[in-house]
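Dropping input.cif in here (mmCIF, C-alpha atoms):
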data_entry
#
loop_
_atom_site.label_atom_id
_atom_site.label_comp_id
_atom_site.auth_asym_id
_atom_site.auth_seq_id
_atom_site.Cartn_x
_atom_site.Cartn_y
_atom_site.Cartn_z
CA LEU A 1 0.00 0.00 0.00
CA LYS A 2 1.51 3.34 -1.09
CA PHE A 3 0.20 6.90 -0.75
CA GLU A 4 2.01 9.74 -2.53
CA PRO A 5 0.22 13.11 -2.12
CA GLY A 6 2.61 14.78 -4.58
CA LYS A 7 0.87 13.00 -7.47
CA ILE A 8 -2.50 14.61 -6.73
CA LEU A 9 -1.55 17.99 -5.20
CA LYS A 10 -0.90 21.03 -7.36
CA ASN A 11 1.89 22.29 -5.12
CA LYS A 12 4.34 19.39 -5.28
CA ASN A 13 6.94 21.34 -3.25
CA SER A 14 4.69 21.61 -0.19
CA PHE A 15 5.30 19.49 2.91
CA LEU A 16 2.67 16.93 1.90
CA GLY A 17 3.80 17.07 -1.71
CA ARG A 18 7.24 15.83 -0.70
CA THR A 19 5.91 13.10 1.60
CA LEU A 20 5.52 9.42 0.73
CA ILE A 21 3.76 6.88 2.97
CA SER A 22 4.05 3.15 2.34
CA SER A 23 2.96 0.05 4.24
CA ARG A 24 3.66 -3.59 3.48
CA TYR A 25 1.98 -6.63 5.02
CA ARG A 26 3.02 -10.20 4.39
CA ILE A 27 1.62 -13.26 6.16
CA ASP A 28 2.67 -16.81 5.32
CA GLN A 29 0.67 -19.20 7.47
CA LYS A 30 0.06 -22.94 7.62
CA SER A 31 -2.88 -24.21 9.66
CA SER A 32 -4.45 -27.54 10.49
CA ASN A 33 -7.32 -28.65 8.28
CA GLU A 34 -10.03 -28.23 10.91
CA ASN A 35 -11.28 -25.17 9.02
CA ALA A 36 -10.68 -26.55 5.54
CA GLY A 37 -14.39 -26.23 4.70
CA SER A 38 -14.47 -22.51 5.43
CA LEU A 39 -14.12 -20.19 2.44
CA PHE A 40 -13.67 -17.05 4.52
CA ARG A 41 -11.14 -17.94 7.18
CA PHE A 42 -7.97 -17.57 5.18
CA VAL A 43 -5.74 -16.16 7.94
CA ASN A 44 -5.85 -16.65 11.70
CA PHE A 45 -4.73 -13.35 13.23
CA ASN A 46 -4.55 -14.90 16.69
CA PHE A 47 -0.84 -15.66 16.42
CA ASP A 48 -0.81 -17.14 19.94
CA ASP A 49 -3.04 -20.00 18.77
CA THR A 50 -0.84 -23.12 19.03
CA VAL A 51 -3.69 -25.55 18.29
CA SER A 52 -4.69 -24.71 14.71
CA ILE A 53 -1.59 -22.77 13.56
CA VAL A 54 1.28 -25.02 12.48
CA SER A 55 3.60 -22.24 11.31
CA ASN A 56 3.28 -18.50 10.95
CA ASN A 57 5.54 -15.90 9.36
CA ALA A 58 4.21 -12.34 9.53
CA VAL A 59 5.98 -9.11 8.53
CA PHE A 60 4.59 -5.57 8.90
CA ASP A 61 6.63 -2.68 7.49
CA HIS A 62 5.43 0.94 7.72
CA ASN A 63 7.46 3.87 6.31
CA ILE A 64 7.18 7.64 6.00
CA PHE A 65 9.60 9.33 3.58
CA PHE A 66 10.18 13.05 3.24
CA ASN A 67 12.12 14.51 0.30
CA ARG A 68 12.88 11.01 -0.98
CA GLY A 69 15.37 11.11 -3.84
CA ASN A 70 16.25 14.76 -3.21
CA PRO A 71 20.01 15.35 -3.68
CA SER A 72 20.17 17.84 -0.77
CA TYR A 73 18.57 15.93 2.10
CA ASP A 74 15.94 13.32 2.98
CA VAL A 75 14.33 11.79 6.07
CA GLN A 76 12.83 8.36 6.73
CA LEU A 77 10.77 7.11 9.69
CA SER A 78 9.82 3.43 9.98
CA TYR A 79 8.08 0.96 12.24
CA ARG A 80 8.69 -2.73 11.59
CA THR A 81 7.46 -5.92 13.21
CA SER A 82 8.14 -9.54 12.37
CA GLU A 83 7.02 -12.80 13.92
CA ASN A 84 8.06 -16.34 13.09
CA LYS A 85 6.36 -19.18 14.90
CA PHE A 86 6.18 -22.91 14.23
CA VAL A 87 4.91 -25.94 16.11
CA GLN A 88 6.90 -29.16 16.38
CA ILE A 89 6.38 -32.43 18.23
CA SER A 90 8.55 -31.09 21.05
CA GLY A 91 6.48 -27.89 21.33
CA PHE A 92 6.31 -24.47 19.74
CA GLU A 93 9.08 -21.94 19.09
CA ARG A 94 8.46 -18.25 18.51
CA ARG A 95 10.82 -15.47 17.42
CA SER A 96 9.66 -11.87 17.06
CA GLN A 97 11.06 -8.37 16.67
CA LYS A 98 9.63 -4.85 16.92
CA GLU A 99 11.74 -1.91 15.81
CA TYR A 100 11.48 1.86 15.38
CA TYR A 101 13.90 3.23 12.79
CA ALA A 102 14.89 6.76 11.75
CA ARG A 103 17.30 7.83 9.03
CA SER A 104 18.43 11.28 7.91
CA ARG A 105 20.80 12.20 5.09
CA ILE A 106 22.23 15.61 4.24
CA ASN A 107 24.56 16.55 1.42
CA LEU A 108 27.50 18.48 2.93
CA LYS A 109 29.32 19.05 -0.34
CA ARG A 110 28.88 17.87 -3.90
CA LYS A 111 30.78 14.65 -3.19
CA VAL A 112 30.11 14.18 0.55
CA ASP A 113 26.97 12.95 2.33
CA ALA A 114 26.42 12.62 6.08
CA ILE A 115 23.94 9.99 7.27
CA VAL A 116 22.62 9.21 10.75
CA GLU A 117 20.57 6.09 11.56
CA LEU A 118 18.76 5.43 14.85
CA ARG A 119 17.21 2.13 15.92
CA THR A 120 15.40 1.00 19.04
CA GLY A 121 13.40 -2.15 19.57
CA ILE A 122 12.84 -5.51 21.21
CA LYS A 123 13.86 -9.02 20.12
CA GLU A 124 12.07 -11.97 21.68
CA TYR A 125 12.52 -15.73 21.58
CA ASP A 126 10.21 -18.18 23.34
CA SER A 127 10.65 -21.96 23.39
CA GLN A 128 7.97 -24.08 25.02
CA ASN A 129 10.31 -26.79 26.33
CA PHE A 130 13.67 -24.97 26.53
CA ASP A 131 13.13 -22.05 28.88
CA SER A 132 16.88 -21.51 29.28
CA GLN A 133 17.04 -20.33 25.65
CA ASP A 134 14.30 -17.69 26.06
CA PHE A 135 15.23 -14.02 25.84
CA ASN A 136 13.67 -10.58 25.63
CA ILE A 137 16.37 -8.21 24.40
CA ASP A 138 15.81 -4.47 24.54
CA TYR A 139 18.27 -2.56 22.33
CA TYR A 140 19.08 0.77 20.74
CA SER A 141 21.80 1.85 18.32
CA ILE A 142 23.20 5.03 16.77
CA LEU A 143 25.03 4.82 13.44
CA PRO A 144 26.57 7.98 11.94
CA GLN A 145 28.45 7.65 8.67
CA VAL A 146 30.10 9.77 5.98
CA ASN A 147 30.00 8.86 2.28
CA TYR A 148 32.72 10.31 0.06
CA ARG A 149 32.64 9.96 -3.74
CA PRO A 150 35.90 11.33 -5.19
CA SER A 151 34.94 10.05 -8.65
CA THR A 152 32.13 8.23 -10.42
CA ASN A 153 34.04 4.95 -10.00
CA LEU A 154 35.11 5.22 -6.36
CA ARG A 155 33.13 5.47 -3.14
CA ILE A 156 34.53 5.53 0.42
CA VAL A 157 32.32 5.14 3.50
CA GLY A 158 33.42 5.68 7.10
CA LYS A 159 30.99 4.66 9.85
CA TYR A 160 30.66 4.21 13.60
CA ASN A 161 27.96 2.09 15.25
CA PHE A 162 27.16 2.29 18.97
CA THR A 163 24.78 -0.43 20.23
CA ARG A 164 23.54 -1.16 23.74
CA SER A 165 21.50 -4.30 24.51
CA LYS A 166 19.97 -5.79 27.65
CA ASN A 167 18.11 -9.05 28.26
CA MET A 168 14.98 -8.00 30.14
CA SER A 169 14.03 -11.62 30.94
CA THR A 170 16.83 -12.14 33.47
CA LEU A 171 18.47 -8.68 33.69
CA GLU A 172 21.80 -10.56 33.75
CA GLU A 173 23.04 -10.20 30.17
CA THR A 174 24.09 -6.76 28.95
CA SER A 175 26.17 -5.71 25.96
CA LEU A 176 27.80 -2.50 24.79
CA ALA A 177 29.27 -2.71 21.28
CA GLN A 178 31.27 -0.07 19.41
CA ASP A 179 31.86 -0.77 15.72
CA LEU A 180 34.27 1.38 13.69
CA GLY A 181 34.39 0.53 10.00
CA ILE A 182 35.39 1.57 6.51
CA GLU A 183 34.05 0.45 3.13
CA ILE A 184 35.65 1.04 -0.26
CA THR A 185 33.89 0.33 -3.56
CA TRP A 186 35.53 0.56 -6.97
CA ARG A 187 33.45 0.12 -10.13
CA GLN A 188 34.44 0.00 -13.77
CA GLY A 189 31.08 0.35 -15.46
CA SER A 190 29.32 -3.00 -15.78
CA PHE A 191 32.58 -4.91 -16.31
CA SER A 192 33.97 -5.21 -12.78
CA ASN A 193 33.19 -4.33 -9.19
CA LEU A 194 35.63 -4.47 -6.24
CA GLN A 195 34.42 -4.08 -2.64
CA PHE A 196 36.53 -4.06 0.51
CA SER A 197 35.44 -3.51 4.11
CA PHE A 198 37.18 -3.58 7.48
CA ASN A 199 35.57 -3.34 10.92
CA PHE A 200 36.96 -3.11 14.42
CA VAL A 201 34.30 -4.08 16.98
CA ASN A 202 34.95 -3.65 20.70
CA ILE A 203 32.35 -5.42 22.88
CA ASP A 204 31.78 -5.25 26.62
CA PHE A 205 29.51 -8.21 27.44
CA THR A 206 28.25 -9.34 30.84
CA GLY A 207 26.54 -12.73 31.08
CA GLN A 208 26.91 -16.43 30.34
CA GLN A 209 29.44 -17.23 27.65
CA ASN A 210 28.48 -19.37 24.61
CA SER A 211 24.76 -19.06 25.34
CA PRO A 212 21.94 -18.38 22.83
CA VAL A 213 21.53 -14.92 24.38
CA GLU A 214 25.20 -14.09 23.86
CA PHE A 215 25.05 -15.26 20.24
CA GLU A 216 21.97 -13.11 19.56
CA MET A 217 23.33 -10.02 21.30
CA LEU A 218 26.81 -10.16 19.79
CA GLN A 219 25.76 -11.47 16.36
CA GLY A 220 28.29 -14.29 16.54
CA LEU A 221 31.15 -12.10 17.80
CA LYS A 222 32.89 -12.39 21.18
CA ASP A 223 33.49 -10.25 24.23
CA GLY A 224 36.52 -8.00 23.74
CA LYS A 225 38.18 -6.91 20.50
CA ASN A 226 36.97 -8.29 17.17
CA TYR A 227 38.40 -7.70 13.71
CA LEU A 228 36.45 -8.39 10.52
CA TRP A 229 37.38 -7.85 6.89
CA GLN A 230 35.75 -8.74 3.60
CA LEU A 231 36.79 -8.63 -0.05
CA ASN A 232 34.40 -9.20 -2.97
CA TYR A 233 35.30 -9.03 -6.65
CA THR A 234 32.88 -9.40 -9.56
CA ARG A 235 34.07 -9.59 -13.16
CA ARG A 236 32.05 -9.86 -16.37
CA ILE A 237 33.94 -12.53 -18.34
CA SER A 238 31.44 -12.77 -21.20
CA ASN A 239 28.19 -11.20 -22.31
CA SER A 240 26.14 -13.35 -19.93
CA ILE A 241 28.55 -14.79 -17.32
CA ASP A 242 29.96 -13.15 -14.18
CA LEU A 243 32.87 -14.45 -12.13
CA ILE A 244 32.48 -13.74 -8.39
CA LEU A 245 35.30 -14.09 -5.84
CA ASN A 246 34.55 -13.80 -2.10
CA TYR A 247 36.88 -13.68 0.90
CA ASP A 248 35.96 -13.15 4.56
CA GLY A 249 38.26 -12.96 7.58
CA ARG A 250 37.55 -12.77 11.30
CA LYS A 251 39.68 -12.60 14.43
CA SER A 252 38.58 -12.35 18.07
CA GLU A 253 40.67 -12.17 21.21
CA SER A 254 39.52 -15.58 22.42
CA ASN A 255 39.27 -17.34 19.03
CA ALA A 256 41.70 -18.29 16.31
CA LEU A 257 41.79 -16.58 12.93
CA ILE A 258 38.98 -17.70 10.60
CA ASN A 259 39.31 -17.40 6.81
CA THR A 260 36.56 -18.19 4.32
CA ALA A 261 36.80 -17.96 0.54
CA GLY A 262 34.51 -18.84 -2.34
CA VAL A 263 34.21 -18.76 -6.12
CA GLN A 264 30.97 -18.49 -8.10
CA LEU A 265 29.89 -18.31 -11.72
CA ARG A 266 26.64 -16.46 -12.36
CA ALA A 267 24.69 -16.60 -15.61
CA VAL A 268 22.79 -13.44 -16.55
CA PHE A 269 19.83 -13.86 -18.90
#

Re-express the file's structure as structure tokens.
Amino acid sequence: LKFEPGKILKNKNSFLGRTLISSRYRIDQKSSNENAGSLFRFVNFNFDDTVSIVSNNAVFDHNIFFNRGNPSYDVQLSYRTSENKFVQISGFERRSQKEYYARSRINLKRKVDAIVELRTGIKEYDSQNFDSQDFNIDYYSILPQVNYRPSTNLRIVGKYNFTRSKNMSTLEETSLAQDLGIEITWRQGSFSNLQFSFNFVNIDFTGQQNSPVEFEMLQGLKDGKNYLWQLNYTRRISNSIDLILNYDGRKSESNALINTAGVQLRAVF
């Protein structure tokens, strides 16, 4: 669902004329056949129903854009929810997230943009038979970044991400993560694309090590200093075939160096 007042207003430069509102709903649900004879009960909106609902995947995404596509500045406000629930023989499992998101971009100079992103929300996980894996994580993050485009082929991005998380179920697990990163992208038309990124992530985590809560809070990283780097190269080797090379590296204070590489061939029709 999309509403764009600028297409019906005479003054397209007014506040409403530069505003765009969009909402997206997606529900993928599997239910038992007890209501198979009903032509009108397509979706059960009682997501807590563990009797008739076998699996449920629901996503709600609401956005308000102001000045979208304007080269000088733009603003975005969003509210997003997602819920994934399925029932097994051992019981049900449910994972959900609610998030408020704000983004603002301003063009400082012809080749420089400053962007600030704000997020706050709640992540929940509920397992019927494994209570020790349950969590209710309250989080917020601030991500300022600067985009610099010295040429049409080169883009350099510097960013800093501050994230604080707390498990409200037990009040024992807390995390404070500071992520400092740089991304470099080099393009040569449609023939080749080279991307490199490096991140230094310093995490102060309090709680049980190697637990599901730690993995969710730290996104697979570890308490202390973490180093991550990534290199991707795409090359058009014929009119319809791309060669893709991937390399990822990771190093944490408590873990050994991890290297992952891959090669792909992609056909373009």

Enclose the full set of atoms of region 60-74 of chain A listed in the file within a box whose edges lie along x, y and z, apply 5 Å of padding to each of the six sides, and report centre and edge lengths in Å to one decimal as lines of an AutoDock Vina configuration file.
center_x = 12.4
center_y = 6.1
center_z = 2.5
size_x = 25.6
size_y = 33.4
size_z = 22.7

Check what the PyMOL selection byres ((chain A and resi 262-269) around 8) selects in the file above and give those residues as JSON, numbers by chain. {"A": [240, 241, 242, 243, 244, 245, 246, 247, 260, 261]}

Shell of 12 Å around Thr170 (chain A), all atoms listed in the file, local chain residues under 3 positions omitted, as a list in words: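 Skipping anything fewer than 3 positions along the chain leaves Asp131, Ser132, Gln133, Asp134, Phe135, Asn136, Ile137, Asp138, Lys166, Asn167, Glu173, Thr174, Gly207, Gln208 and Val213 of chain A.
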
Take the residues from that selection and write them out as a JSON list (two decimals), in the frame of the given file, keeping C-alpha atoms.
[["chain", "number", "residue", "atom", "x", "y", "z"],
["A", 131, "ASP", "CA", 13.13, -22.05, 28.88],
["A", 132, "SER", "CA", 16.88, -21.51, 29.28],
["A", 133, "GLN", "CA", 17.04, -20.33, 25.65],
["A", 134, "ASP", "CA", 14.30, -17.69, 26.06],
["A", 135, "PHE", "CA", 15.23, -14.02, 25.84],
["A", 136, "ASN", "CA", 13.67, -10.58, 25.63],
["A", 137, "ILE", "CA", 16.37, -8.21, 24.40],
["A", 138, "ASP", "CA", 15.81, -4.47, 24.54],
["A", 166, "LYS", "CA", 19.97, -5.79, 27.65],
["A", 167, "ASN", "CA", 18.11, -9.05, 28.26],
["A", 173, "GLU", "CA", 23.04, -10.20, 30.17],
["A", 174, "THR", "CA", 24.09, -6.76, 28.95],
["A", 207, "GLY", "CA", 26.54, -12.73, 31.08],
["A", 208, "GLN", "CA", 26.91, -16.43, 30.34],
["A", 213, "VAL", "CA", 21.53, -14.92, 24.38]]

Output check: residues returned by the PyMOL selection byres ((chain A and resi 28) around 7), as a PyMOL selection string: chain A and resi 26-27+29+56-58

Report the residues retrieved by the PyMOL selection byres ((chain A and resi 59) around 12) from the displayed file, expressed as a ChimeraX atom specification. /A:23-29,56-58,60-62,79-85,95-99

Pick from A:Asn226, A:Gln145, A:Ser78, A:Asn107 nearest to Gln178 (chain A), counting all atoms listed in the file: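 Counting all atoms listed in the file, the residue closest to Gln178 (chain A) is A:Asn226.
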
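Using all atoms listed in the file for every distance, the candidate list A:Arg155, A:Phe92, A:Tyr100, A:Tyr139 yields A:Phe92 as the residue closest to Ser127 (chain A).
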
Kindly indicate which residue among A:Ser55, A:Thr234, A:Thr163, A:Ser169 lies nearest to Leu194 (chain A), using all atoms listed in the file for the distances. A:Thr234

Given the point (17.3, 9.1, 8.5) in the coordinates of this file, which residues lie within 9 Å, counting all atoms listed in the file, and how would they look as number ranges by chain? A: 74-77, 101-105, 115-118

Could you dump the residues just selected with C-alpha atoms as a CSV table (one decimal), keeping the file's coordinate frame?
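Everything below was put into selection15.csv:
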chain,number,residue,atom,x,y,z
A,74,ASP,CA,15.9,13.3,3.0
A,75,VAL,CA,14.3,11.8,6.1
A,76,GLN,CA,12.8,8.4,6.7
A,77,LEU,CA,10.8,7.1,9.7
A,101,TYR,CA,13.9,3.2,12.8
A,102,ALA,CA,14.9,6.8,11.8
A,103,ARG,CA,17.3,7.8,9.0
A,104,SER,CA,18.4,11.3,7.9
A,105,ARG,CA,20.8,12.2,5.1
A,115,ILE,CA,23.9,10.0,7.3
A,116,VAL,CA,22.6,9.2,10.8
A,117,GLU,CA,20.6,6.1,11.6
A,118,LEU,CA,18.8,5.4,14.8

Please identify all polymer residues within 9 Å of Lys111 (chain A), counting all atoms listed in the file, omitting same-chain residues fewer than 4 positions from it, and present them as a list in words. Asn107, Asn147, Tyr148, Arg149, Pro150 and Ser151 of chain A

Could you tell me how far CA of Asn161 (chain A) sits from CA of Ile142 (chain A), in Å to one decimal place? 5.8 Å

CA of Arg187 (chain A) to CA of Asn153 (chain A), distance in Å rounded to a single decimal: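 These atoms are spaced 4.9 Å apart.
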
If we count only C-alpha atoms, what is near Gly249 (chain A) at a cut-off of 8 Å, once residues fewer than 6 positions away on the same chain are taken out, given as a ChimeraX atom specification? /A:228-230,257-260

So that I can see what lies close to Gly224 (chain A), please list as a PyMOL selection string the residues with an atom at most 10 Å from it, counting all atoms listed in the file and leaving out residues fewer than 3 positions away in the same chain. chain A and resi 177+201-205+221+252-254

Please indicate the distance in Å from CA of Leu231 (chain A) to CA of Ser197 (chain A), rounded to one decimal place. 6.7 Å

Between A:Val112, A:Ile182, A:Met217, A:Val146, smallest distance to Arg164 (chain A) by all atoms listed in the file belongs to A:Met217

Nearest residue to Ser192 (chain A) from the set A:Arg94, A:Arg236, A:Lys159, A:Lys225 (distances using all atoms listed in the file):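 Nearest candidate to Ser192 (chain A) out of A:Arg94, A:Arg236, A:Lys159, A:Lys225: A:Arg236.
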
How about completing region 190-221 of chain A with N, CA and C atoms and giving it to me as a CSV table (one decimal), in the coordinates of the input?
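Written file, result-v3.csv:
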chain,number,residue,atom,x,y,z
A,190,SER,N,30.0,-1.7,-16.0
A,190,SER,CA,29.3,-3.0,-15.8
A,190,SER,C,30.3,-4.2,-15.9
A,191,PHE,N,31.6,-3.8,-16.1
A,191,PHE,CA,32.6,-4.9,-16.3
A,191,PHE,C,33.1,-5.5,-15.0
A,192,SER,N,33.4,-4.7,-14.0
A,192,SER,CA,34.0,-5.2,-12.8
A,192,SER,C,33.6,-4.4,-11.6
A,193,ASN,N,33.6,-5.0,-10.4
A,193,ASN,CA,33.2,-4.3,-9.2
A,193,ASN,C,34.0,-4.9,-8.1
A,194,LEU,N,34.8,-4.0,-7.3
A,194,LEU,CA,35.6,-4.5,-6.2
A,194,LEU,C,35.2,-3.8,-5.0
A,195,GLN,N,34.9,-4.6,-3.9
A,195,GLN,CA,34.4,-4.1,-2.6
A,195,GLN,C,35.3,-4.6,-1.5
A,196,PHE,N,35.7,-3.7,-0.6
A,196,PHE,CA,36.5,-4.1,0.5
A,196,PHE,C,36.0,-3.4,1.7
A,197,SER,N,35.9,-4.1,2.9
A,197,SER,CA,35.4,-3.5,4.1
A,197,SER,C,36.3,-4.0,5.3
A,198,PHE,N,36.5,-3.2,6.3
A,198,PHE,CA,37.2,-3.6,7.5
A,198,PHE,C,36.5,-3.0,8.7
A,199,ASN,N,36.3,-3.8,9.7
A,199,ASN,CA,35.6,-3.3,10.9
A,199,ASN,C,36.3,-3.8,12.2
A,200,PHE,N,36.4,-2.8,13.1
A,200,PHE,CA,37.0,-3.1,14.4
A,200,PHE,C,35.8,-3.0,15.4
A,201,VAL,N,35.5,-4.1,16.1
A,201,VAL,CA,34.3,-4.1,17.0
A,201,VAL,C,34.8,-4.4,18.4
A,202,ASN,N,34.6,-3.5,19.3
A,202,ASN,CA,35.0,-3.6,20.7
A,202,ASN,C,33.7,-3.9,21.5
A,203,ILE,N,33.6,-5.0,22.2
A,203,ILE,CA,32.4,-5.4,22.9
A,203,ILE,C,32.6,-5.6,24.4
A,204,ASP,N,31.8,-5.0,25.2
A,204,ASP,CA,31.8,-5.2,26.6
A,204,ASP,C,30.5,-6.0,27.0
A,205,PHE,N,30.7,-7.3,27.2
A,205,PHE,CA,29.5,-8.2,27.4
A,205,PHE,C,29.5,-8.8,28.8
A,206,THR,N,28.4,-8.7,29.5
A,206,THR,CA,28.2,-9.3,30.8
A,206,THR,C,27.2,-10.4,30.8
A,207,GLY,N,27.5,-11.6,31.1
A,207,GLY,CA,26.5,-12.7,31.1
A,207,GLY,C,27.2,-14.1,30.8
A,208,GLN,N,26.4,-15.1,30.6
A,208,GLN,CA,26.9,-16.4,30.3
A,208,GLN,C,27.5,-16.5,29.0
A,209,GLN,N,28.7,-17.1,28.9
A,209,GLN,CA,29.4,-17.2,27.6
A,209,GLN,C,28.9,-18.4,26.9
A,210,ASN,N,28.9,-18.3,25.5
A,210,ASN,CA,28.5,-19.4,24.6
A,210,ASN,C,27.0,-19.8,24.8
A,211,SER,N,26.2,-18.8,25.2
A,211,SER,CA,24.8,-19.1,25.3
A,211,SER,C,24.0,-18.5,24.1
A,212,PRO,N,22.7,-18.9,23.9
A,212,PRO,CA,21.9,-18.4,22.8
A,212,PRO,C,21.8,-16.9,23.0
A,213,VAL,N,21.7,-16.4,24.2
A,213,VAL,CA,21.5,-14.9,24.4
A,213,VAL,C,22.8,-14.2,23.9
A,214,GLU,N,24.0,-14.7,24.3
A,214,GLU,CA,25.2,-14.1,23.9
A,214,GLU,C,25.3,-14.1,22.3
A,215,PHE,N,25.0,-15.2,21.7
A,215,PHE,CA,25.0,-15.3,20.2
A,215,PHE,C,24.1,-14.2,19.6
A,216,GLU,N,22.9,-14.1,20.1
A,216,GLU,CA,22.0,-13.1,19.6
A,216,GLU,C,22.4,-11.7,19.8
A,217,MET,N,22.9,-11.4,21.0
A,217,MET,CA,23.3,-10.0,21.3
A,217,MET,C,24.6,-9.6,20.5
A,218,LEU,N,25.5,-10.5,20.4
A,218,LEU,CA,26.8,-10.2,19.8
A,218,LEU,C,26.9,-10.5,18.3
A,219,GLN,N,25.8,-11.1,17.8
A,219,GLN,CA,25.8,-11.5,16.4
A,219,GLN,C,26.9,-12.4,16.0
A,220,GLY,N,27.2,-13.3,16.8
A,220,GLY,CA,28.3,-14.3,16.5
A,220,GLY,C,29.7,-13.8,16.9
A,221,LEU,N,29.8,-12.6,17.4
A,221,LEU,CA,31.2,-12.1,17.8
A,221,LEU,C,31.4,-12.5,19.3
